[in-house]
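So this one's input.csv, CSV, C-alpha atoms:
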```csv
chain,number,residue,atom,x,y,z
A,3,MET,CA,-186.4,-146.8,-13.1
A,4,LYS,CA,-187.6,-150.4,-13.5
A,5,ILE,CA,-188.7,-152.5,-10.6
A,6,HIS,CA,-188.8,-156.3,-10.8
A,7,TYR,CA,-189.5,-158.9,-8.2
A,8,ASP,CA,-190.2,-162.6,-8.2
A,9,GLY,CA,-191.7,-162.9,-4.8
A,10,TYR,CA,-190.2,-162.8,-1.3
A,11,ASN,CA,-190.7,-159.0,-1.2
A,12,ILE,CA,-187.2,-158.4,-2.5
A,13,PRO,CA,-187.4,-155.9,-5.4
A,14,GLU,CA,-184.6,-155.6,-8.0
A,15,ILE,CA,-184.3,-152.0,-9.1
A,16,ASP,CA,-182.7,-150.9,-12.4
A,17,ILE,CA,-181.8,-147.2,-12.7
A,18,GLU,CA,-180.7,-146.3,-16.2
A,19,ASP,CA,-179.5,-142.7,-15.7
A,20,SER,CA,-176.2,-142.0,-13.8
A,21,ILE,CA,-176.5,-140.8,-10.2
A,22,GLU,CA,-174.1,-138.2,-9.0
A,23,ALA,CA,-172.9,-138.8,-5.5
A,24,GLY,CA,-174.0,-136.1,-3.1
A,25,VAL,CA,-176.7,-134.7,-5.5
A,26,LYS,CA,-180.4,-135.3,-5.1
A,27,THR,CA,-181.3,-137.1,-8.3
A,28,GLU,CA,-184.7,-137.9,-9.8
A,29,ILE,CA,-184.9,-141.7,-10.4
A,30,GLY,CA,-188.6,-142.5,-10.9
A,31,THR,CA,-192.2,-141.8,-9.9
A,32,ALA,CA,-193.9,-141.4,-6.5
A,33,GLU,CA,-195.9,-144.6,-7.3
A,34,GLN,CA,-192.6,-146.5,-7.8
A,35,TYR,CA,-191.4,-145.2,-4.4
A,36,ASP,CA,-194.6,-146.5,-2.8
A,37,ASN,CA,-194.1,-149.9,-4.4
A,38,ILE,CA,-190.5,-150.1,-3.1
A,39,MET,CA,-191.5,-148.9,0.4
A,40,GLN,CA,-194.2,-151.6,0.6
A,41,LEU,CA,-191.9,-154.4,-0.5
A,42,THR,CA,-188.9,-153.4,1.6
A,43,GLU,CA,-190.9,-152.9,4.8
A,44,LYS,CA,-191.4,-156.6,4.7
A,45,SER,CA,-188.0,-157.8,3.5
A,46,GLY,CA,-185.7,-155.1,4.7
A,47,ILE,CA,-183.6,-155.3,1.5
A,48,PHE,CA,-183.5,-154.5,-2.2
A,49,GLN,CA,-181.2,-155.3,-5.1
A,50,VAL,CA,-180.0,-152.5,-7.3
A,51,ASN,CA,-178.2,-152.0,-10.6
A,52,CYS,CA,-177.2,-148.5,-11.5
A,53,LEU,CA,-174.5,-146.1,-12.5
A,54,ILE,CA,-172.9,-143.8,-9.8
A,55,ASP,CA,-170.8,-141.1,-11.3
A,56,ASP,CA,-170.9,-143.2,-14.6
A,57,VAL,CA,-169.4,-146.3,-12.8
A,58,ALA,CA,-171.5,-149.5,-12.8
A,59,MET,CA,-172.7,-150.6,-9.4
A,60,GLY,CA,-174.8,-153.5,-8.4
A,61,GLY,CA,-175.5,-154.9,-5.0
A,62,THR,CA,-178.0,-155.7,-2.2
A,63,CYS,CA,-178.9,-152.9,0.1
A,64,LEU,CA,-180.1,-153.1,3.6
A,65,VAL,CA,-183.1,-150.9,4.3
A,66,ASN,CA,-183.7,-149.1,7.7
A,67,ARG,CA,-187.4,-149.1,8.4
A,68,PRO,CA,-188.9,-147.5,5.3
A,69,SER,CA,-191.6,-144.9,5.7
A,70,GLU,CA,-193.9,-142.8,3.6
A,71,ASN,CA,-191.4,-139.9,3.8
A,72,TYR,CA,-188.0,-141.6,3.2
A,73,ILE,CA,-186.1,-144.9,2.8
A,74,ASP,CA,-182.6,-145.0,4.2
A,75,PHE,CA,-180.4,-147.8,2.8
A,76,GLY,CA,-176.8,-148.9,2.4
A,77,CYS,CA,-174.4,-151.6,1.3
A,78,VAL,CA,-170.8,-152.4,1.0
A,79,CYS,CA,-169.8,-153.3,-2.6
A,80,ASN,CA,-167.0,-153.5,-5.1
A,81,PHE,CA,-167.3,-150.1,-6.6
A,82,ASN,CA,-164.8,-149.5,-9.4
A,83,TYR,CA,-162.7,-152.5,-8.1
A,84,THR,CA,-162.5,-150.9,-4.6
A,85,PRO,CA,-164.4,-151.9,-1.4
A,86,THR,CA,-166.8,-149.1,-0.9
A,87,ILE,CA,-169.8,-148.1,1.3
A,88,VAL,CA,-172.7,-146.7,-0.6
A,89,ALA,CA,-175.4,-145.2,1.6
A,90,GLY,CA,-178.4,-143.2,0.6
A,91,THR,CA,-181.9,-141.8,1.1
A,92,MET,CA,-184.7,-142.3,-1.3
A,93,GLU,CA,-187.6,-139.8,-1.0
A,94,LYS,CA,-190.6,-138.7,-2.9
A,95,ASP,CA,-192.8,-135.6,-3.6
A,96,SER,CA,-196.3,-135.7,-5.1
A,97,THR,CA,-195.1,-137.0,-8.5
A,98,LYS,CA,-191.4,-138.0,-8.4
A,99,CYS,CA,-188.9,-140.2,-6.6
A,100,TYR,CA,-185.4,-139.0,-5.7
A,101,VAL,CA,-182.2,-140.5,-4.3
A,102,THR,CA,-179.2,-138.9,-2.6
A,103,LEU,CA,-176.1,-141.0,-2.2
A,104,THR,CA,-172.9,-140.9,-0.2
A,105,VAL,CA,-170.0,-143.0,-1.5
A,106,THR,CA,-167.2,-143.8,1.0
A,107,THR,CA,-164.1,-145.8,-0.1
A,108,LEU,CA,-162.8,-148.3,2.5
A,109,SER,CA,-159.1,-148.2,2.8
```
Output the file's structure as structure tokens, nothing else.
Amino acid sequence: MKIHYDGYNIPEIDIEDSIEAGVKTEIGTAEQYDNIMQLTEKSGIFQVNCLIDDVAMGGTCLVNRPSENYIDFGCVCNFNYTPTIVAGTMEKDSTKCYVTLTVTTLS
């Protein structure tokens, strides 16, 4: 995972490995989680570029009160040319950061 930000406490997160919806997936380090938590507790959002089930996804996610234990987030995006809700939880253990996603197609 790479984290970029140019101020305004809005990180842009690039996740290189594909994330499988519904599966807790390692995406980075505990230190990266702490960095995202500190930035999003001020802004309430982050931008993300990733693959979900090998489909490219990019968007801005709203964050619900990040904490030291978990960060809940979600967005509505154009996922594989279909309006889709992507919601998830990011969490950490002593060394790693994980994410679990739910992907719901709007019809």
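For the set A:Thr62, A:Glu14, A:Thr91, A:Cys99, the residue with the smallest atom-to-atom gap to Cys79 (chain A) is A:Thr62, counting only C-alpha atoms.
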Practice prompt. Grab the CA of Ile21 (chain A) to CA of Gly9 (chain A) distance for me, in Å with one decimal place.
Written response: 27.4 Å
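Counting all atoms listed in the file and comparing A:Ile87, A:Ala23, A:Leu108, A:Cys77, the residue that lies closest to Leu53 (chain A) is A:Ala23.
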Who sits within 12 Å of Ile38 (chain A), only C-alpha atoms, same chain under 2 positions skipped, as a short mmCIF file (atom, residue, chain, number, x, y, z; two decimals) with C-alpha atoms, in the coordinates of the input:
```cif
data_model
loop_
_atom_site.label_atom_id
_atom_site.label_comp_id
_atom_site.auth_asym_id
_atom_site.auth_seq_id
_atom_site.Cartn_x
_atom_site.Cartn_y
_atom_site.Cartn_z
CA MET A 3 -186.40 -146.80 -13.10
CA LYS A 4 -187.60 -150.40 -13.50
CA ILE A 5 -188.70 -152.50 -10.60
CA HIS A 6 -188.80 -156.30 -10.80
CA TYR A 7 -189.50 -158.90 -8.20
CA ASN A 11 -190.70 -159.00 -1.20
CA ILE A 12 -187.20 -158.40 -2.50
CA PRO A 13 -187.40 -155.90 -5.40
CA GLU A 14 -184.60 -155.60 -8.00
CA ILE A 15 -184.30 -152.00 -9.10
CA GLY A 30 -188.60 -142.50 -10.90
CA THR A 31 -192.20 -141.80 -9.90
CA ALA A 32 -193.90 -141.40 -6.50
CA GLU A 33 -195.90 -144.60 -7.30
CA GLN A 34 -192.60 -146.50 -7.80
CA TYR A 35 -191.40 -145.20 -4.40
CA ASP A 36 -194.60 -146.50 -2.80
CA GLN A 40 -194.20 -151.60 0.60
CA LEU A 41 -191.90 -154.40 -0.50
CA THR A 42 -188.90 -153.40 1.60
CA GLU A 43 -190.90 -152.90 4.80
CA LYS A 44 -191.40 -156.60 4.70
CA SER A 45 -188.00 -157.80 3.50
CA GLY A 46 -185.70 -155.10 4.70
CA ILE A 47 -183.60 -155.30 1.50
CA PHE A 48 -183.50 -154.50 -2.20
CA GLN A 49 -181.20 -155.30 -5.10
CA VAL A 50 -180.00 -152.50 -7.30
CA VAL A 65 -183.10 -150.90 4.30
CA ARG A 67 -187.40 -149.10 8.40
CA PRO A 68 -188.90 -147.50 5.30
CA SER A 69 -191.60 -144.90 5.70
CA GLU A 70 -193.90 -142.80 3.60
CA TYR A 72 -188.00 -141.60 3.20
CA ILE A 73 -186.10 -144.90 2.80
CA ASP A 74 -182.60 -145.00 4.20
CA PHE A 75 -180.40 -147.80 2.80
CA MET A 92 -184.70 -142.30 -1.30
CA GLU A 93 -187.60 -139.80 -1.00
CA LYS A 94 -190.60 -138.70 -2.90
CA CYS A 99 -188.90 -140.20 -6.60
#
```
Worksheet item: Can you tell me how far CA of Met39 (chain A) sits from CA of Thr84 (chain A), in Å to one decimal?
Response: 29.5 Å
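Nearest to Gly90 (chain A) of all the residues A:Leu64, A:Ala58, A:Asn71, A:Asp16 is A:Leu64, counting all atoms listed in the file.
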Practice prompt. Considering only C-alpha atoms, return as a PyMOL selection string whatever protein or nucleic-acid residues lie within 10 Å of Gly24 (chain A), sequence-local ones (same chain, fewer than 2 positions apart) excluded.
Written response: chain A and resi 21-22+26-27+90+101-105
Worksheet item: Quick one: distance from CA of Glu18 (chain A) to CA of Thr107 (chain A) in Å, one decimal?
Response: 23.1 Å
Practice prompt. Could you check which of A:Ala89, A:Phe81, A:Asn37, A:Ser109 is closest to Met59 (chain A), using only C-alpha atoms?
Written response: A:Phe81
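Proximity of A:Val57, A:Cys63, A:Val78, A:Cys52 to Asp19 (chain A), computed with only C-alpha atoms, is greatest for A:Cys52.
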Reconstruct region 66-91 of chain A at the level of N, CA, C and O atoms, and format the result as a PDB file, in the coordinates of the input.
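Result written to part.pdb:
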```pdb
ATOM      1  N   ASN A  66    -183.340-149.447   6.282  1.00  0.00           N
ATOM      2  CA  ASN A  66    -183.700-149.100   7.700  1.00  0.00           C
ATOM      3  C   ASN A  66    -185.080-148.599   7.775  1.00  0.00           C
ATOM      4  O   ASN A  66    -185.342-147.454   7.434  1.00  0.00           O
ATOM      5  N   ARG A  67    -186.010-149.437   8.157  1.00  0.00           N
ATOM      6  CA  ARG A  67    -187.400-149.100   8.400  1.00  0.00           C
ATOM      7  C   ARG A  67    -187.947-148.035   7.418  1.00  0.00           C
ATOM      8  O   ARG A  67    -187.997-146.845   7.733  1.00  0.00           O
ATOM      9  N   PRO A  68    -188.367-148.452   6.241  1.00  0.00           N
ATOM     10  CA  PRO A  68    -188.900-147.500   5.300  1.00  0.00           C
ATOM     11  C   PRO A  68    -190.141-146.809   5.774  1.00  0.00           C
ATOM     12  O   PRO A  68    -190.868-147.359   6.601  1.00  0.00           O
ATOM     13  N   SER A  69    -190.385-145.602   5.300  1.00  0.00           N
ATOM     14  CA  SER A  69    -191.600-144.900   5.700  1.00  0.00           C
ATOM     15  C   SER A  69    -192.167-144.162   4.496  1.00  0.00           C
ATOM     16  O   SER A  69    -191.603-144.184   3.413  1.00  0.00           O
ATOM     17  N   GLU A  70    -193.287-143.515   4.690  1.00  0.00           N
ATOM     18  CA  GLU A  70    -193.900-142.800   3.600  1.00  0.00           C
ATOM     19  C   GLU A  70    -193.076-141.561   3.205  1.00  0.00           C
ATOM     20  O   GLU A  70    -193.251-141.012   2.128  1.00  0.00           O
ATOM     21  N   ASN A  71    -192.150-141.127   4.068  1.00  0.00           N
ATOM     22  CA  ASN A  71    -191.400-139.900   3.800  1.00  0.00           C
ATOM     23  C   ASN A  71    -189.979-140.209   3.223  1.00  0.00           C
ATOM     24  O   ASN A  71    -189.467-139.421   2.439  1.00  0.00           O
ATOM     25  N   TYR A  72    -189.353-141.292   3.651  1.00  0.00           N
ATOM     26  CA  TYR A  72    -188.000-141.600   3.200  1.00  0.00           C
ATOM     27  C   TYR A  72    -187.653-143.045   3.408  1.00  0.00           C
ATOM     28  O   TYR A  72    -188.240-143.712   4.252  1.00  0.00           O
ATOM     29  N   ILE A  73    -186.691-143.523   2.607  1.00  0.00           N
ATOM     30  CA  ILE A  73    -186.100-144.900   2.800  1.00  0.00           C
ATOM     31  C   ILE A  73    -184.617-144.695   2.872  1.00  0.00           C
ATOM     32  O   ILE A  73    -183.978-144.249   1.922  1.00  0.00           O
ATOM     33  N   ASP A  74    -184.055-144.998   4.039  1.00  0.00           N
ATOM     34  CA  ASP A  74    -182.600-145.000   4.200  1.00  0.00           C
ATOM     35  C   ASP A  74    -182.074-146.388   3.926  1.00  0.00           C
ATOM     36  O   ASP A  74    -182.656-147.385   4.351  1.00  0.00           O
ATOM     37  N   PHE A  75    -180.945-146.470   3.230  1.00  0.00           N
ATOM     38  CA  PHE A  75    -180.400-147.800   2.800  1.00  0.00           C
ATOM     39  C   PHE A  75    -178.894-147.678   2.708  1.00  0.00           C
ATOM     40  O   PHE A  75    -178.320-146.588   2.677  1.00  0.00           O
ATOM     41  N   GLY A  76    -178.252-148.836   2.622  1.00  0.00           N
ATOM     42  CA  GLY A  76    -176.800-148.900   2.400  1.00  0.00           C
ATOM     43  C   GLY A  76    -176.304-150.246   2.117  1.00  0.00           C
ATOM     44  O   GLY A  76    -176.979-151.235   2.358  1.00  0.00           O
ATOM     45  N   CYS A  77    -175.081-150.290   1.566  1.00  0.00           N
ATOM     46  CA  CYS A  77    -174.400-151.600   1.300  1.00  0.00           C
ATOM     47  C   CYS A  77    -172.922-151.344   1.190  1.00  0.00           C
ATOM     48  O   CYS A  77    -172.445-150.225   1.059  1.00  0.00           O
ATOM     49  N   VAL A  78    -172.195-152.433   1.282  1.00  0.00           N
ATOM     50  CA  VAL A  78    -170.800-152.400   1.000  1.00  0.00           C
ATOM     51  C   VAL A  78    -170.620-153.208  -0.302  1.00  0.00           C
ATOM     52  O   VAL A  78    -171.168-154.300  -0.447  1.00  0.00           O
ATOM     53  N   CYS A  79    -169.928-152.623  -1.272  1.00  0.00           N
ATOM     54  CA  CYS A  79    -169.800-153.300  -2.600  1.00  0.00           C
ATOM     55  C   CYS A  79    -168.438-153.046  -3.175  1.00  0.00           C
ATOM     56  O   CYS A  79    -167.623-152.303  -2.638  1.00  0.00           O
ATOM     57  N   ASN A  80    -168.224-153.701  -4.289  1.00  0.00           N
ATOM     58  CA  ASN A  80    -167.000-153.500  -5.100  1.00  0.00           C
ATOM     59  C   ASN A  80    -167.276-152.463  -6.096  1.00  0.00           C
ATOM     60  O   ASN A  80    -167.793-152.742  -7.167  1.00  0.00           O
ATOM     61  N   PHE A  81    -166.973-151.234  -5.777  1.00  0.00           N
ATOM     62  CA  PHE A  81    -167.300-150.100  -6.600  1.00  0.00           C
ATOM     63  C   PHE A  81    -166.005-149.670  -7.343  1.00  0.00           C
ATOM     64  O   PHE A  81    -165.052-149.224  -6.704  1.00  0.00           O
ATOM     65  N   ASN A  82    -165.973-149.860  -8.658  1.00  0.00           N
ATOM     66  CA  ASN A  82    -164.800-149.500  -9.400  1.00  0.00           C
ATOM     67  C   ASN A  82    -163.552-150.280  -8.913  1.00  0.00           C
ATOM     68  O   ASN A  82    -162.469-149.724  -8.793  1.00  0.00           O
ATOM     69  N   TYR A  83    -163.764-151.568  -8.549  1.00  0.00           N
ATOM     70  CA  TYR A  83    -162.700-152.500  -8.100  1.00  0.00           C
ATOM     71  C   TYR A  83    -162.132-152.061  -6.699  1.00  0.00           C
ATOM     72  O   TYR A  83    -161.011-152.419  -6.365  1.00  0.00           O
ATOM     73  N   THR A  84    -162.903-151.314  -5.924  1.00  0.00           N
ATOM     74  CA  THR A  84    -162.500-150.900  -4.600  1.00  0.00           C
ATOM     75  C   THR A  84    -163.609-151.124  -3.608  1.00  0.00           C
ATOM     76  O   THR A  84    -164.749-150.726  -3.884  1.00  0.00           O
ATOM     77  N   PRO A  85    -163.347-151.747  -2.443  1.00  0.00           N
ATOM     78  CA  PRO A  85    -164.400-151.900  -1.400  1.00  0.00           C
ATOM     79  C   PRO A  85    -164.929-150.538  -1.008  1.00  0.00           C
ATOM     80  O   PRO A  85    -164.149-149.660  -0.628  1.00  0.00           O
ATOM     81  N   THR A  86    -166.243-150.372  -1.096  1.00  0.00           N
ATOM     82  CA  THR A  86    -166.800-149.100  -0.900  1.00  0.00           C
ATOM     83  C   THR A  86    -168.180-149.174  -0.193  1.00  0.00           C
ATOM     84  O   THR A  86    -168.956-150.097  -0.453  1.00  0.00           O
ATOM     85  N   ILE A  87    -168.460-148.220   0.695  1.00  0.00           N
ATOM     86  CA  ILE A  87    -169.800-148.100   1.300  1.00  0.00           C
ATOM     87  C   ILE A  87    -170.600-147.143   0.474  1.00  0.00           C
ATOM     88  O   ILE A  87    -170.156-146.032   0.172  1.00  0.00           O
ATOM     89  N   VAL A  88    -171.783-147.593   0.087  1.00  0.00           N
ATOM     90  CA  VAL A  88    -172.700-146.700  -0.600  1.00  0.00           C
ATOM     91  C   VAL A  88    -173.962-146.632   0.312  1.00  0.00           C
ATOM     92  O   VAL A  88    -174.586-147.642   0.624  1.00  0.00           O
ATOM     93  N   ALA A  89    -174.256-145.434   0.776  1.00  0.00           N
ATOM     94  CA  ALA A  89    -175.400-145.200   1.600  1.00  0.00           C
ATOM     95  C   ALA A  89    -176.257-144.110   1.000  1.00  0.00           C
ATOM     96  O   ALA A  89    -175.741-143.234   0.306  1.00  0.00           O
ATOM     97  N   GLY A  90    -177.566-144.177   1.229  1.00  0.00           N
ATOM     98  CA  GLY A  90    -178.400-143.200   0.600  1.00  0.00           C
ATOM     99  C   GLY A  90    -179.764-143.051   1.233  1.00  0.00           C
ATOM    100  O   GLY A  90    -180.143-143.820   2.116  1.00  0.00           O
ATOM    101  N   THR A  91    -180.482-142.052   0.737  1.00  0.00           N
ATOM    102  CA  THR A  91    -181.900-141.800   1.100  1.00  0.00           C
ATOM    103  C   THR A  91    -182.687-141.644  -0.128  1.00  0.00           C
ATOM    104  O   THR A  91    -182.333-140.861  -1.006  1.00  0.00           O
TER     105      THR A  91
END
```
